[in-house]
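Novice: Here you go, one structure.
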Amino acid sequence: MLIRPLLAALLILPAAALLAACPAQSDDDDDTAEPTPAPRPGPEYSEGTCPELRNGWNDDFRSAGLDRSFKMLLPEEPEGAPVVFTWHWLGGTAEEILEFVDFDELPDDEGAIVVSPSSSGSQFEWEFLADPTDNIDLQFFEDMLSCIHERYTVDMDRIYATGMSAGGLWTSYLTIHESEWLASTAPISGGASEDVWVPPVRDLPVMLTWGGPTDFAVGFNFHSANQEFSELLQGRGSFVTECEHTGGHTIPDGAKDTIWRWFEDHPMDIEEEPYADELPGSFPSYCAIPE
């Protein structure tokens with residue numbers, strides 16, 4: 001039998017040979033080393049199994065029992081990318097908000113995933129006057145984020161939202177109700193009053209952009225709404241930057257660069273506010289930290 005000779009051969013192997021077969025322990029194998037944290041999970045999709053997502057239009061996306069649609073623009077490397085949601089105005093479209101703010105350039109220029117949803121066609125496009133309980137647009141936001149995260153394992157510390165007019169009011173509503181998921185927001189001609197205010201579950205940095213005293217549309221005073229929203233946010237402890245331009249109810253030139261810089265510098269749970277002392281020199285002169 002071969003077993004006895006094999007055992008004998010093993011017994012007389014030099015000790016050095018046996019030691020050489022064992023991997024050397026490096027200084028990197030320190031038991032006290034910090035483990036790599038697991039990626040932060042996203043919200044759960046409310047409709048069971050996420051549908052396949054496409055670069056471009058995603059139609060018939062099921063959410064809150066409805067078929068919804070959104071346009072998604074992917075960078076070359078979408079895995080682990082930040083996500084920017086952009087919400088259109090009353091009577092506008094997902095395509096128009098992308099073009100007017102030049103956010104269709106972000107995937108190539110900054111490596112961000114950009115999501116531009118279409119409204120359900122409700123009276124004001126987005127449900128910013130509705131109770132958050134069973135709010136179809138809140139569910140839509142969470143369902144999109146859930147499936148995008150499932151597909152691309154996006155950076156859940158860099159989820160952002162912006163929008164104009166009705167989209168700005170909706171972005172303000174998300175600021176109040178979705179701070180668990182949003183790192184920062186930048187509503188354009190949005191705002192909120194004390195009538196709809198509830199403290200966000202997490203203080204988050206917000207950049208408010210509006211067109212001054214002439215920012216008035218469809219019977220709504222966006223100037224006062226932004227002033228009140230700024231005071232409410234600051235009273236809660238959120239860091240606010242006010243960008244009050246003089247163009248009325250319009251998107252100011254260069255908004256994309258300013259908003260992206262704001263987002264880029266404000267991931268989730270930053271230890272110190274980078275703009276506490278002053279704003280970046282690239283920001284327009286009409287932007288200021290409120291006193």
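How things are named: the first chain in the structure tokens is A, the next is B, and so on; residues count from 1 in each chain; ligands count from 1 in the order shown.
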Using only C-alpha atoms, which protein or nucleic acid residues come within 10 Å of Glu231 of chain A? Drop anything in the same chain fewer than 6 positions from it, and give the result as a PyMOL selection string.
Specialist: chain A and resi 193-194+237-238+240+290
Novice: Would you pick out the contacts of Glu44 of chain A at 12 Å or less, using only C-alpha atoms, so that residues sharing its chain but fewer than 4 positions from it are not included, and give the list as JSON, numbers by chain?
Specialist: {"A": [48, 49, 50, 63, 139, 140, 141, 142, 143, 144, 145, 146, 147, 148, 149, 150, 181]}
Novice: For Phe70 of chain A, please output as a PDB file with C-alpha atoms, in the first residue's frame all residues within 10 Å (counting only C-alpha atoms; exclusion window: fewer than 6 positions along the same chain).
Specialist:
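around-v1.pdb, freshly written:
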```pdb
ATOM      1  CA  GLY A  56     -32.966  57.088 -21.700  1.00  0.00           C
ATOM      2  CA  TRP A  57     -36.717  56.819 -21.286  1.00  0.00           C
ATOM      3  CA  ASN A  58     -38.166  54.372 -18.797  1.00  0.00           C
ATOM      4  CA  ASP A  59     -41.894  54.062 -19.450  1.00  0.00           C
ATOM      5  CA  ASP A  60     -44.492  52.028 -17.582  1.00  0.00           C
ATOM      6  CA  PHE A  61     -42.498  52.183 -14.357  1.00  0.00           C
ATOM      7  CA  ALA A  94     -38.813  66.120 -18.225  1.00  0.00           C
ATOM      8  CA  GLU A  95     -36.911  66.965 -21.418  1.00  0.00           C
ATOM      9  CA  VAL A 115     -33.101  61.384 -13.403  1.00  0.00           C
ATOM     10  CA  SER A 116     -35.837  63.601 -14.835  1.00  0.00           C
ATOM     11  CA  PRO A 117     -39.324  62.314 -13.978  1.00  0.00           C
ATOM     12  CA  SER A 118     -42.605  63.093 -15.719  1.00  0.00           C
ATOM     13  CA  SER A 119     -45.530  64.155 -13.553  1.00  0.00           C
ATOM     14  CA  MET A 144     -37.091  55.249  -8.618  1.00  0.00           C
TER      15      MET A 144
END
```
Novice: Got a sec: who's within 8 Å of Ala161 of chain A, counting only C-alpha atoms, leaving out chain neighbours fewer than 4 positions off, as a short mmCIF file (atom, residue, chain, number, x, y, z; two decimals) with N, CA and C atoms, in the first residue's frame?
Specialist:
```
data_model
loop_
_atom_site.label_atom_id
_atom_site.label_comp_id
_atom_site.auth_asym_id
_atom_site.auth_seq_id
_atom_site.Cartn_x
_atom_site.Cartn_y
_atom_site.Cartn_z
N VAL A 84 -28.75 62.73 -9.34
CA VAL A 84 -29.42 64.03 -9.28
C VAL A 84 -30.81 63.88 -9.87
N PHE A 85 -31.83 64.17 -9.06
CA PHE A 85 -33.22 64.21 -9.53
C PHE A 85 -33.57 65.65 -9.88
N THR A 86 -34.16 65.86 -11.04
CA THR A 86 -34.55 67.20 -11.46
C THR A 86 -36.02 67.18 -11.88
N TRP A 87 -36.82 68.12 -11.34
CA TRP A 87 -38.28 68.10 -11.44
C TRP A 87 -38.77 69.30 -12.25
N THR A 171 -39.38 70.09 -4.94
CA THR A 171 -38.07 69.87 -4.34
C THR A 171 -38.06 70.33 -2.89
N LEU A 182 -31.98 62.21 0.97
CA LEU A 182 -31.35 63.30 0.22
C LEU A 182 -30.18 63.90 1.01
N SER A 184 -28.59 66.71 -0.04
CA SER A 184 -28.77 68.16 -0.15
C SER A 184 -29.77 68.43 -1.26
N THR A 185 -30.36 69.63 -1.23
CA THR A 185 -31.29 70.03 -2.29
C THR A 185 -31.00 71.45 -2.74
N ALA A 186 -31.52 71.79 -3.94
CA ALA A 186 -31.31 73.13 -4.49
C ALA A 186 -32.54 73.55 -5.30
N PRO A 187 -33.66 73.85 -4.62
CA PRO A 187 -34.86 74.26 -5.36
C PRO A 187 -34.66 75.62 -6.04
#
```
Novice: Would you please give, as a PyMOL selection string, all residues of segment 100-183 of chain A that DSSP assigns to helix (DSSP H, G or I) based on the backbone?
Specialist: chain A and resi 100+103-110+136-152+166-177
Novice: Which one of A:Phe283, A:Trp170, A:Tyr45, A:Phe239 sits closest to Ala255 of chain A if you count only C-alpha atoms?
Specialist: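 Among the listed residues, A:Phe283 lies closest to Ala255 of chain A.
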Novice: Would you mind telling me which residue in A:Glu178, A:Ile270, A:Gly235, A:His245 lies nearest to Pro43 of chain A when using only C-alpha atoms?
Specialist: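 Closest to Pro43 of chain A, using only C-alpha atoms: A:Glu178.
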Novice: Any idea what the distance is between atom CA of Tyr173 of chain A and atom CA of Ser224 of chain A?
Specialist: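 These atoms are spaced 16.1 Å apart.
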Novice: Excluding Ala130 of chain A and its own-chain neighbours fewer than 5 positions away, which residues fall within 10 Å of it when counting only C-alpha atoms? Please give them as an NGL selection string.
Specialist: :A and (135-137 or 173 or 196)
Novice: For Asp253 of chain A, which residue among A:Glu79, A:Gly211, A:Met156, A:Ser122 is the nearest when counting only C-alpha atoms?
Specialist: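 Checking each of A:Glu79, A:Gly211, A:Met156, A:Ser122 against Asp253 of chain A, counting only C-alpha atoms, the winner is A:Gly211.
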Novice: Hey, what's within 9 Å of Asn55 of chain A if we count only C-alpha atoms and toss same-chain stuff fewer than 6 positions away? As a list in words, please?
Specialist: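 Surrounding residues, per the criterion: Lys71, Met72, Leu73 and Leu74 of chain A.
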Novice: Counting only C-alpha atoms, what is within 8 Å of segment 100-107 of chain A, bar same-chain residues fewer than 2 positions away, as a VMD selection string?
Specialist: chain A and resid 73 to 76 96 to 98 109 to 114 251 255 to 256
Novice: Nearest to Asp265 of chain A: which of A:Gly212, A:Gly281, A:Pro199, A:Pro205 is it, counting only C-alpha atoms?
Specialist: A:Pro205
Novice: Have a look at A:Gly65, A:Gly191, A:Pro51, A:Gly167 and name the one nearest to His88 of chain A; count only C-alpha atoms.
Specialist: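 Counting only C-alpha atoms, the residue closest to His88 of chain A is A:Gly167.
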Novice: Could you pull out the residues in segment 50-274 of chain A that DSSP calls strand (DSSP E) from the backbone, as a tab-separated table (two decimals) with N, CA and C atoms, in the first residue's frame?
Specialist:
```tsv
chain	number	residue	atom	x	y	z
A	56	GLY	N	-31.97	56.40	-20.88
A	56	GLY	CA	-32.97	57.09	-21.70
A	56	GLY	C	-34.32	56.97	-21.04
A	57	TRP	N	-35.37	56.85	-21.82
A	57	TRP	CA	-36.72	56.82	-21.29
A	57	TRP	C	-37.05	55.47	-20.67
A	58	ASN	N	-37.65	55.54	-19.48
A	58	ASN	CA	-38.17	54.37	-18.80
A	58	ASN	C	-39.67	54.57	-18.62
A	59	ASP	N	-40.44	53.93	-19.47
A	59	ASP	CA	-41.89	54.06	-19.45
A	59	ASP	C	-42.51	52.90	-18.68
A	60	ASP	N	-43.75	53.09	-18.28
A	60	ASP	CA	-44.49	52.03	-17.58
A	60	ASP	C	-43.75	51.55	-16.34
A	61	PHE	N	-43.15	52.50	-15.63
A	61	PHE	CA	-42.50	52.18	-14.36
A	61	PHE	C	-43.58	52.18	-13.29
A	62	ARG	N	-43.82	51.04	-12.71
A	62	ARG	CA	-44.94	50.89	-11.78
A	62	ARG	C	-44.60	51.47	-10.41
A	63	SER	N	-45.48	52.35	-9.93
A	63	SER	CA	-45.28	52.96	-8.61
A	63	SER	C	-46.63	53.41	-8.07
A	66	LEU	N	-49.59	52.97	-10.23
A	66	LEU	CA	-49.70	53.72	-11.47
A	66	LEU	C	-48.51	53.42	-12.37
A	67	ASP	N	-48.70	53.60	-13.67
A	67	ASP	CA	-47.58	53.53	-14.61
A	67	ASP	C	-46.99	54.93	-14.76
A	68	ARG	N	-45.74	55.09	-14.35
A	68	ARG	CA	-45.07	56.38	-14.41
A	68	ARG	C	-43.89	56.30	-15.37
A	69	SER	N	-43.32	57.44	-15.72
A	69	SER	CA	-42.18	57.45	-16.64
A	69	SER	C	-41.14	58.46	-16.19
A	70	PHE	N	-39.90	58.21	-16.54
A	70	PHE	CA	-38.81	59.14	-16.25
A	70	PHE	C	-37.69	58.92	-17.26
A	71	LYS	N	-36.92	59.97	-17.48
A	71	LYS	CA	-35.75	59.87	-18.33
A	71	LYS	C	-34.52	59.77	-17.45
A	72	MET	N	-33.69	58.79	-17.70
A	72	MET	CA	-32.46	58.60	-16.93
A	72	MET	C	-31.26	58.68	-17.87
A	73	LEU	N	-30.31	59.51	-17.50
A	73	LEU	CA	-29.08	59.67	-18.28
A	73	LEU	C	-27.92	59.11	-17.47
A	83	VAL	N	-26.51	60.58	-7.74
A	83	VAL	CA	-27.76	60.69	-8.49
A	83	VAL	C	-28.37	62.06	-8.26
A	84	VAL	N	-28.75	62.73	-9.34
A	84	VAL	CA	-29.42	64.03	-9.28
A	84	VAL	C	-30.81	63.88	-9.87
A	85	PHE	N	-31.83	64.17	-9.06
A	85	PHE	CA	-33.22	64.21	-9.53
A	85	PHE	C	-33.57	65.65	-9.88
A	86	THR	N	-34.16	65.86	-11.04
A	86	THR	CA	-34.55	67.20	-11.46
A	86	THR	C	-36.02	67.18	-11.88
A	87	TRP	N	-36.82	68.12	-11.34
A	87	TRP	CA	-38.28	68.10	-11.44
A	87	TRP	C	-38.77	69.30	-12.25
A	113	ILE	N	-25.44	60.27	-12.42
A	113	ILE	CA	-26.69	59.79	-13.00
A	113	ILE	C	-27.73	60.89	-12.83
A	114	VAL	N	-28.41	61.26	-13.90
A	114	VAL	CA	-29.43	62.28	-13.85
A	114	VAL	C	-30.79	61.65	-14.13
A	115	VAL	N	-31.76	61.95	-13.27
A	115	VAL	CA	-33.10	61.38	-13.40
A	115	VAL	C	-34.09	62.54	-13.52
A	116	SER	N	-34.85	62.55	-14.61
A	116	SER	CA	-35.84	63.60	-14.83
A	116	SER	C	-37.21	62.96	-14.99
A	117	PRO	N	-38.02	62.98	-13.93
A	117	PRO	CA	-39.32	62.31	-13.98
A	117	PRO	C	-40.39	63.15	-14.70
A	159	ILE	N	-27.17	61.70	-2.97
A	159	ILE	CA	-28.46	61.74	-3.66
A	159	ILE	C	-28.99	63.17	-3.53
A	160	TYR	N	-29.32	63.80	-4.65
A	160	TYR	CA	-29.66	65.22	-4.66
A	160	TYR	C	-30.94	65.48	-5.44
A	161	ALA	N	-31.54	66.66	-5.20
A	161	ALA	CA	-32.75	67.03	-5.93
A	161	ALA	C	-32.76	68.52	-6.21
A	162	THR	N	-33.27	68.88	-7.40
A	162	THR	CA	-33.49	70.26	-7.77
A	162	THR	C	-34.70	70.31	-8.69
A	163	GLY	N	-35.20	71.48	-8.95
A	163	GLY	CA	-36.35	71.64	-9.83
A	163	GLY	C	-36.75	73.10	-9.88
A	164	MET	N	-37.59	73.44	-10.85
A	164	MET	CA	-37.97	74.84	-11.09
A	164	MET	C	-39.47	75.03	-10.93
A	184	SER	N	-28.59	66.71	-0.04
A	184	SER	CA	-28.77	68.16	-0.15
A	184	SER	C	-29.77	68.43	-1.26
A	185	THR	N	-30.36	69.63	-1.23
A	185	THR	CA	-31.29	70.03	-2.29
A	185	THR	C	-31.00	71.45	-2.74
A	186	ALA	N	-31.52	71.79	-3.94
A	186	ALA	CA	-31.31	73.13	-4.49
A	186	ALA	C	-32.54	73.55	-5.30
A	187	PRO	N	-33.66	73.85	-4.62
A	187	PRO	CA	-34.86	74.26	-5.36
A	187	PRO	C	-34.66	75.62	-6.04
A	188	ILE	N	-35.20	75.75	-7.25
A	188	ILE	CA	-35.19	77.02	-7.98
A	188	ILE	C	-36.62	77.54	-8.00
A	206	VAL	N	-29.26	73.35	2.22
A	206	VAL	CA	-30.18	73.69	1.14
A	206	VAL	C	-29.74	75.00	0.50
A	207	MET	N	-29.67	75.02	-0.82
A	207	MET	CA	-29.41	76.25	-1.57
A	207	MET	C	-30.71	76.70	-2.23
A	208	LEU	N	-31.20	77.85	-1.82
A	208	LEU	CA	-32.44	78.41	-2.35
A	208	LEU	C	-32.11	79.45	-3.41
A	209	THR	N	-32.67	79.26	-4.61
A	209	THR	CA	-32.47	80.21	-5.70
A	209	THR	C	-33.83	80.74	-6.13
A	210	TRP	N	-33.96	82.06	-6.19
A	210	TRP	CA	-35.21	82.65	-6.68
A	210	TRP	C	-34.94	84.04	-7.24
A	216	PHE	N	-42.94	85.96	-9.25
A	216	PHE	CA	-44.36	85.78	-9.01
A	216	PHE	C	-44.96	85.10	-10.22
A	217	ALA	N	-45.73	84.02	-10.01
A	217	ALA	CA	-46.33	83.31	-11.14
A	217	ALA	C	-47.57	82.56	-10.68
A	220	PHE	N	-48.85	82.97	-7.27
A	220	PHE	CA	-48.03	82.54	-6.13
A	220	PHE	C	-46.82	83.45	-5.99
A	221	ASN	N	-46.54	83.88	-4.75
A	221	ASN	CA	-45.40	84.75	-4.46
A	221	ASN	C	-44.21	83.89	-4.05
A	240	VAL	N	-28.15	77.09	5.14
A	240	VAL	CA	-28.85	77.61	3.97
A	240	VAL	C	-27.99	78.63	3.25
A	241	THR	N	-28.00	78.56	1.94
A	241	THR	CA	-27.43	79.62	1.10
A	241	THR	C	-28.56	80.18	0.25
A	242	GLU	N	-28.65	81.51	0.20
A	242	GLU	CA	-29.69	82.18	-0.57
A	242	GLU	C	-29.09	82.79	-1.83
A	243	CYS	N	-29.62	82.41	-2.98
A	243	CYS	CA	-29.18	82.97	-4.26
A	243	CYS	C	-30.36	83.73	-4.86
A	244	GLU	N	-30.49	84.99	-4.46
A	244	GLU	CA	-31.62	85.83	-4.88
A	244	GLU	C	-31.18	86.70	-6.06
```
Novice: Could you state the separation of atom CA of Gly247 of chain A and atom CA of Tyr275 of chain A in Å, given to one decimal place?
Specialist: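 Computing the Euclidean distance for atom CA of Gly247 of chain A and atom CA of Tyr275 of chain A yields 25.0 Å.
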Novice: Closest to Pro41 of chain A among A:Asp157, A:Gly92, A:Asp134, A:Ser282, using only C-alpha atoms?
Specialist: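 So, comparing all the options, the nearest one is A:Asp157.
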